[in-house]
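> First the structure, which I've put down as structure tokens, then a few questions once you've had a look.
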Amino acid sequence: MDARTKGRFLFTVGLLYGFYWPAPVISKGSSGGQSDTMPSVQGTLPHFIQEPEDAYIVKSNPIKLRCRATPALQIFFKCNGEWVHQNEHTSQEYKDLNTGLKVREVMINVSRQQVEDFHGPEDYWCLCVAWSHLGTSKSRKATVRIAYLRKNFEEDPQGKEVPINGMIVLHCRPPEGVPVSEVEWLKNDELVSSLTADNIDSRADHKLIINKARLSDSGNYTCLASNIVAKRRSATAAVIVYVNGGWSLWTEWSACNVPCGRGIQKRSRTCTNPAPLNGGAFCEGMSVQKITCNALCPIDGGWDEWSEWTVCSSQCERQRSRECNSPAPRHRGKTCEGNSKATENCTDGMCTQSNPLLLNSSMQPDMTVGQTYSTPLCFHDSAEKDLFDPLPDIKVKVQSSFMVSLGVAERAEFHAKAPSESYPQDLGCDFCSTVDQRKKGLLTLNGPISTSREQLRTSGVFGHVGGRLVVPNTGVSLLVPHGAVAENMSWEIYMVINQGEASAQTLEGCEILLGPEVTYSPSGLELFCPVAMTIAHCAEVDAENWNIQLKRKTQDGKWEEVMSVEEESTSCYCLMDLTSCHLLLDQPGSYALVGEPLTQAAVKRLKLAVFGTVELGSLNYSLRVYCVDDTPHAFQGVVAAERTRGGQLLEEPKMLPFRANTFSLQVSIQDVPQFLWSIKPFTTCQEFSFPQVWCSNQQPLHCAFSLERYSPATAQLSCKISVRQVKGHEQILQVYTAVAEGEKELVPFFMQTDCTVTSQTGPKAFKIPLSIRQRICATFDTANAKGKDWQLLAQKLHIDRNLGYFAKQWSPSAVILSLWEACHQDTADLDSLASALEEIGKIHSKSSPKDADEAEHDLSDIQVGGVCGLGNPAVPEGEDCAPEYTG
């Protein structure tokens with residue numbers, strides 16, 4: 001039996017049993033065209049356009065199953081192998097507008113009762129059967145299931161307590177259900193997936209994993225299961241992230257509790273590093289330690305015998321002396337009472353001394369006797385001798401105008417060592433402001449006393465193309481712009497850092513040097529535009545706490561104020577950043593940046609460094625701790641001193657903010673292994689007075705710790721150096737080094753790089769190629785109605801104060817670019833300049849659309865990306881370095 005015959009047979013059987021309606025008859029007209037009935041294709045099996053889909057019965061709501069086929073004479077459902085009666089079908093037919101073919105669609109309802117009454121080996125199922133003249137086609141089987149979700153979770157998450165940075169794993173097995181439920185996690189009733197935590201991971205097996213737990217991960221976690229029937233919440237799991245306590249550093253040992261003899265010293269620590277949180281364990285061990293101490297008892301001084309009388313002098317006097325050495329006062333003992341010298345007339349009154357002033361009326365009296373110094377003392381270090389030697393009883397009374405201005409004290413008394421011919425010249429002390437009340441207002445800025453230090457000087461010959469001078473490793477440079485020197489002219493320009501004494505004018509208070517004093521010459525130099533000088537400084541710049549001024553030396557050697565950095569001036573420009581001061585100067589000369597603290601919150605930065613040397617042939621090891629103003633030039637003094645000593649840098653230099661609160665700086669050594677090393681008594685904590693540090697004026701201060709090994713077998717030293725200002729900041733230097741001879745490199749490591757290029761001329765000296773510089777100046781020097789001028793350029797380059805200075809320049813844009821060059825000499829890209837030009841182009845394109853083409857034309861030639869091959873020293877010729885700027 002062929003397929004056509006089989007189809008007709010089944011169709012006839014269906015009619016006999018009443019399964020479906022007779023198919024419509026298709027007839028043709030006389031013209032050979034189709035009648036008004038729907039067309040069919042006699043030689044095609046039915047094709048299902050829509051097949052029945054799996055469905056779930058929720059509660060008691062029946063579901064609908066639907067299928068469509070073409071071409072189809074009839075379509076009927078068959079469920080669980082049984083034909084569904086035609087009365088339970090809803091059918092319709094229509095013509096597909098795209099194909100013109102007849103489409104038949106049928107639907108049936110399946111109730112919950114039908115599914116529950118079915119007890120077959122598989123789920124309740126239905127499919128469609130469609131007929132055509134050629135035969136039949138079957139659809140896919142669609143299953144119908146009753147949806148549900150049990151109430152009880154198969155596994156609830158359990159609470160956890162984990163240490164900080166630990167891992168948390170929460171398990172959840174949702175209730176049984178059809179369809180299978182989806183699982184989400186809640187933290188404090190908020191979906192975890194909506195949180196921004198990057199350490200929480202929800203897994204496909206319903207686990208919740210928290211990596212490196214934080215304190216913020218503590219909370220109540222709930223597993224949420226849901227399907228089309230309902231939502232279920234698990235029991236809540238409390239997660240606690242705790243922190244175990246940790247000890248702070250030990251405090252310094254207290255003073256011995258007895259003034260004389262055997263006593264006790266204490267030190268303590270607290271469980272606050274960190275403090276225990278959320279039930280974390282408290283620190284184990286002792287919070288207080290005690291050791292015995294022996295306080296040396298004071299020994300009062302006693303007089304030696306008088307010396308013999310001297311011979312009788314021309315003034316008819318003879319003298320004798322005695323010393324307080326039997327015994328000498330020690331350990332806070334009293335000095336001898338009485339006079340150390342005695343004078344008497346050696347002629348029983350028969351002779352009187354003559355007055356030389358009466359004999360020579362041209363001789364002037366010494367007016368310097370008894371002068372009063374109006375400044376705190378500043379003690380400086382020597383390359384040969386430590387600062388903290390015992391000081392004799394020479395007393396110098398000084399009045400600190402700085403300390404008076406801060407309301408700390410009207411007078412301060414310091415002990416100073418008398419200079420001796422056997423000591424180097426630089427062992428004495430200097431003053432951070434000058435000599436007496438008669439010269440009130442004159443401030444001395446001290447350079448190093450020693451004349452052995454090499455002069456820091458660099459020079460170069462510059463013409464019309466300009467160039468750059470650099471004093472290596474000092475933070476000092478000079479930019480000579482293109483066009484500053486006339487064409488067909490050249491000048492030898494040199495720059496010197498003054499290593500001697502300098503002075504600056506001030507009205508009151510205490511001013512200090514914030515950077516090196518710099519001179520650039522020659523004095524007769526003629527410039528067509530200002531040069532840009534950069535000087536590193538050590539101040540944390542804050543207008544509320546500092547009055548910072550630029551000063552220049554006059555022809556008579558005095559100092560005059562050029563400008564305050566917070567005020568506007570048309571004679572000079574000063575731009576301060578975090579570490580450097582950038583100056584635009586019209587004339588050569590000597591310049592210094594000085595600062596006067598306005599409040600006790602004023603801060604200058606100190607650089608701290610620790611060096612060590614082993615004494616050959618002995619068990620001694622020396623640690624030297626330096627405190628110096630945080631500028632490259634100042635640190636060079638440390639480098640030079642340690643290079644001659646063969647010192648080794650033991651820890652990266654660190655910065656310490658030093659406040660103008662008049663409190664001293666304490667340097668202490670801690671955690672020295674007492675069973676391996678010994679240290680000289682009373683030297684574990686040493687101190688710089690406030691004036692020593694504040695008025696150091698770029699000169700290094702240092703203190704030394706001398707340690708001795710108990711055994712030659714000890715090959716390493718580990719300890720900490722604490723440097724802290726009383727009621728201020730603290731910095732820790734960690735020392736861990738080999739001390740055995742032969743294990744150390746002879747050449748010490750220094751932070752400063754070995755810079756040999758001190759002078760550059762021509763295009764290589766500049767970041768901005770000359771052609772681009774000229775285009776920028778041509779675009780912005782001329783003001784226009786759109787406001788696109790040099791003022792906008794200065795604003796976008798963050799050089800938008802003291803604009804009156806630029807206004808008087810022949811080319812304001814050129815001077816602005818010179819200042820930008822000075823500020824960005826340490827960077828090798830033009831990103832900030834390109835971004836500023838791009839932003840200007842966008843602003844004008846948006847604000848004036850009709851002028852967008854003009855704006856693009858004005859700036860399209862300024863192609864910052866085109867610096868490659870135009871003399872940029874940082875980029876090899878021919879390589880791309882930045883996107884082309886088109887405005």
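In the structure tokens, the first chain shown is A, the next is B, and so on; residue numbers restart at 1 for each chain, and ligands run from 1 in the order shown.
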Among region 76-150 of chain A, which ones does DSSP place in alpha helix (DSSP H), written as a PDB file with C-alpha atoms, in the first residue's frame?

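out.pdb was written with the following content:
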ATOM      1  CA  ARG A 112      -4.706  18.645  37.456  1.00  0.00           C
ATOM      2  CA  GLN A 113      -7.200  15.814  37.936  1.00  0.00           C
ATOM      3  CA  GLN A 114      -6.249  14.262  34.579  1.00  0.00           C
ATOM      4  CA  VAL A 115      -2.567  14.242  35.525  1.00  0.00           C
ATOM      5  CA  GLU A 116      -3.190  12.875  39.025  1.00  0.00           C
ATOM      6  CA  ASP A 117      -5.436  10.084  37.657  1.00  0.00           C
TER       7      ASP A 117
END
> When DSSP works through the backbone of this structure, what residues of region 461-585 of chain A end up as strand (DSSP E or B), shown as a PDB file with C-alpha atoms, in the first residue's frame?

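This is the output file result_37.pdb:
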ATOM      1  CA  VAL A 461      77.045  78.318  26.395  1.00  0.00           C
ATOM      2  CA  PHE A 462      73.549  79.226  25.163  1.00  0.00           C
ATOM      3  CA  GLY A 467      68.719  74.947  26.515  1.00  0.00           C
ATOM      4  CA  ARG A 468      68.846  73.645  30.067  1.00  0.00           C
ATOM      5  CA  LEU A 469      71.350  73.653  32.979  1.00  0.00           C
ATOM      6  CA  VAL A 470      71.212  71.014  35.722  1.00  0.00           C
ATOM      7  CA  VAL A 471      73.190  70.819  38.971  1.00  0.00           C
ATOM      8  CA  VAL A 476      68.224  72.594  40.988  1.00  0.00           C
ATOM      9  CA  SER A 477      67.942  73.386  37.256  1.00  0.00           C
ATOM     10  CA  LEU A 478      67.630  76.341  34.883  1.00  0.00           C
ATOM     11  CA  LEU A 479      65.633  76.428  31.618  1.00  0.00           C
ATOM     12  CA  VAL A 480      66.705  79.008  29.003  1.00  0.00           C
ATOM     13  CA  TRP A 491      76.274  83.776  26.502  1.00  0.00           C
ATOM     14  CA  GLU A 492      78.122  81.551  28.938  1.00  0.00           C
ATOM     15  CA  ILE A 493      75.562  81.067  31.698  1.00  0.00           C
ATOM     16  CA  TYR A 494      76.554  79.377  34.928  1.00  0.00           C
ATOM     17  CA  MET A 495      74.673  78.322  38.023  1.00  0.00           C
ATOM     18  CA  VAL A 496      76.175  77.917  41.516  1.00  0.00           C
ATOM     19  CA  ILE A 497      74.783  76.574  44.785  1.00  0.00           C
ATOM     20  CA  ALA A 502      74.110  83.934  53.273  1.00  0.00           C
ATOM     21  CA  SER A 503      71.683  86.358  54.894  1.00  0.00           C
ATOM     22  CA  ALA A 504      68.143  87.529  54.202  1.00  0.00           C
ATOM     23  CA  GLN A 505      66.063  90.470  55.392  1.00  0.00           C
ATOM     24  CA  ILE A 512      64.632  79.358  57.737  1.00  0.00           C
ATOM     25  CA  LEU A 513      66.038  78.211  54.437  1.00  0.00           C
ATOM     26  CA  VAL A 518      71.244  79.468  44.074  1.00  0.00           C
ATOM     27  CA  THR A 519      73.086  82.005  41.912  1.00  0.00           C
ATOM     28  CA  TYR A 520      72.846  82.237  38.149  1.00  0.00           C
ATOM     29  CA  SER A 521      75.028  84.644  36.147  1.00  0.00           C
ATOM     30  CA  VAL A 531      64.258  81.953  32.324  1.00  0.00           C
ATOM     31  CA  ALA A 532      62.689  79.203  34.463  1.00  0.00           C
ATOM     32  CA  MET A 533      64.614  78.135  37.579  1.00  0.00           C
ATOM     33  CA  THR A 534      63.614  75.097  39.659  1.00  0.00           C
ATOM     34  CA  ILE A 535      64.699  74.764  43.328  1.00  0.00           C
ATOM     35  CA  ALA A 536      63.697  71.793  45.507  1.00  0.00           C
ATOM     36  CA  ALA A 539      58.164  72.557  53.287  1.00  0.00           C
ATOM     37  CA  TRP A 546      53.594  79.284  56.306  1.00  0.00           C
ATOM     38  CA  ASN A 547      54.713  82.645  55.017  1.00  0.00           C
ATOM     39  CA  ILE A 548      57.090  81.675  52.192  1.00  0.00           C
ATOM     40  CA  GLN A 549      59.107  84.336  50.386  1.00  0.00           C
ATOM     41  CA  LEU A 550      61.608  84.533  47.557  1.00  0.00           C
ATOM     42  CA  LYS A 551      64.617  86.724  48.401  1.00  0.00           C
ATOM     43  CA  ARG A 552      67.490  88.079  46.305  1.00  0.00           C
ATOM     44  CA  LYS A 553      70.913  89.363  47.329  1.00  0.00           C
ATOM     45  CA  TRP A 559      68.989  90.343  51.113  1.00  0.00           C
ATOM     46  CA  GLU A 560      65.742  91.868  49.902  1.00  0.00           C
ATOM     47  CA  GLU A 561      62.306  90.377  49.438  1.00  0.00           C
ATOM     48  CA  VAL A 562      61.321  89.751  45.812  1.00  0.00           C
ATOM     49  CA  MET A 563      57.841  88.394  46.414  1.00  0.00           C
ATOM     50  CA  SER A 564      55.694  86.269  48.693  1.00  0.00           C
ATOM     51  CA  TYR A 573      56.503  84.386  39.081  1.00  0.00           C
ATOM     52  CA  CYS A 574      56.614  81.583  41.644  1.00  0.00           C
ATOM     53  CA  LEU A 575      54.785  78.238  41.360  1.00  0.00           C
ATOM     54  CA  MET A 576      55.050  75.848  44.312  1.00  0.00           C
ATOM     55  CA  SER A 580      59.868  72.060  44.155  1.00  0.00           C
ATOM     56  CA  CYS A 581      59.536  75.774  43.572  1.00  0.00           C
ATOM     57  CA  HIS A 582      59.475  76.892  39.913  1.00  0.00           C
ATOM     58  CA  LEU A 583      60.520  80.517  39.301  1.00  0.00           C
ATOM     59  CA  LEU A 584      60.290  82.764  36.247  1.00  0.00           C
ATOM     60  CA  LEU A 585      63.151  85.283  36.563  1.00  0.00           C
TER      61      LEU A 585
END
> Give me, as a PyMOL selection string, all polymer residues having an atom no more than 7 Å from region 230-234 of chain A, counting only C-alpha atoms and skipping those fewer than 3 positions away in the same chain.
chain A and resi 149+151+153+156+222-227
> For each of A:Cys293, A:Val239, A:Ile776, A:Ala834, take the minimum atom-to-atom distance to Gln158 (chain A), counting only C-alpha atoms, then give the residue where this is smallest.
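Of the candidates, the smallest distance to Gln158 (chain A) is held by A:Val239.
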> Can you work out the spacing between CA of Lys767 (chain A) and CA of Val565 (chain A) in Å, to one decimal?
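Computing the Euclidean distance for CA of Lys767 (chain A) and CA of Val565 (chain A) yields 26.3 Å.
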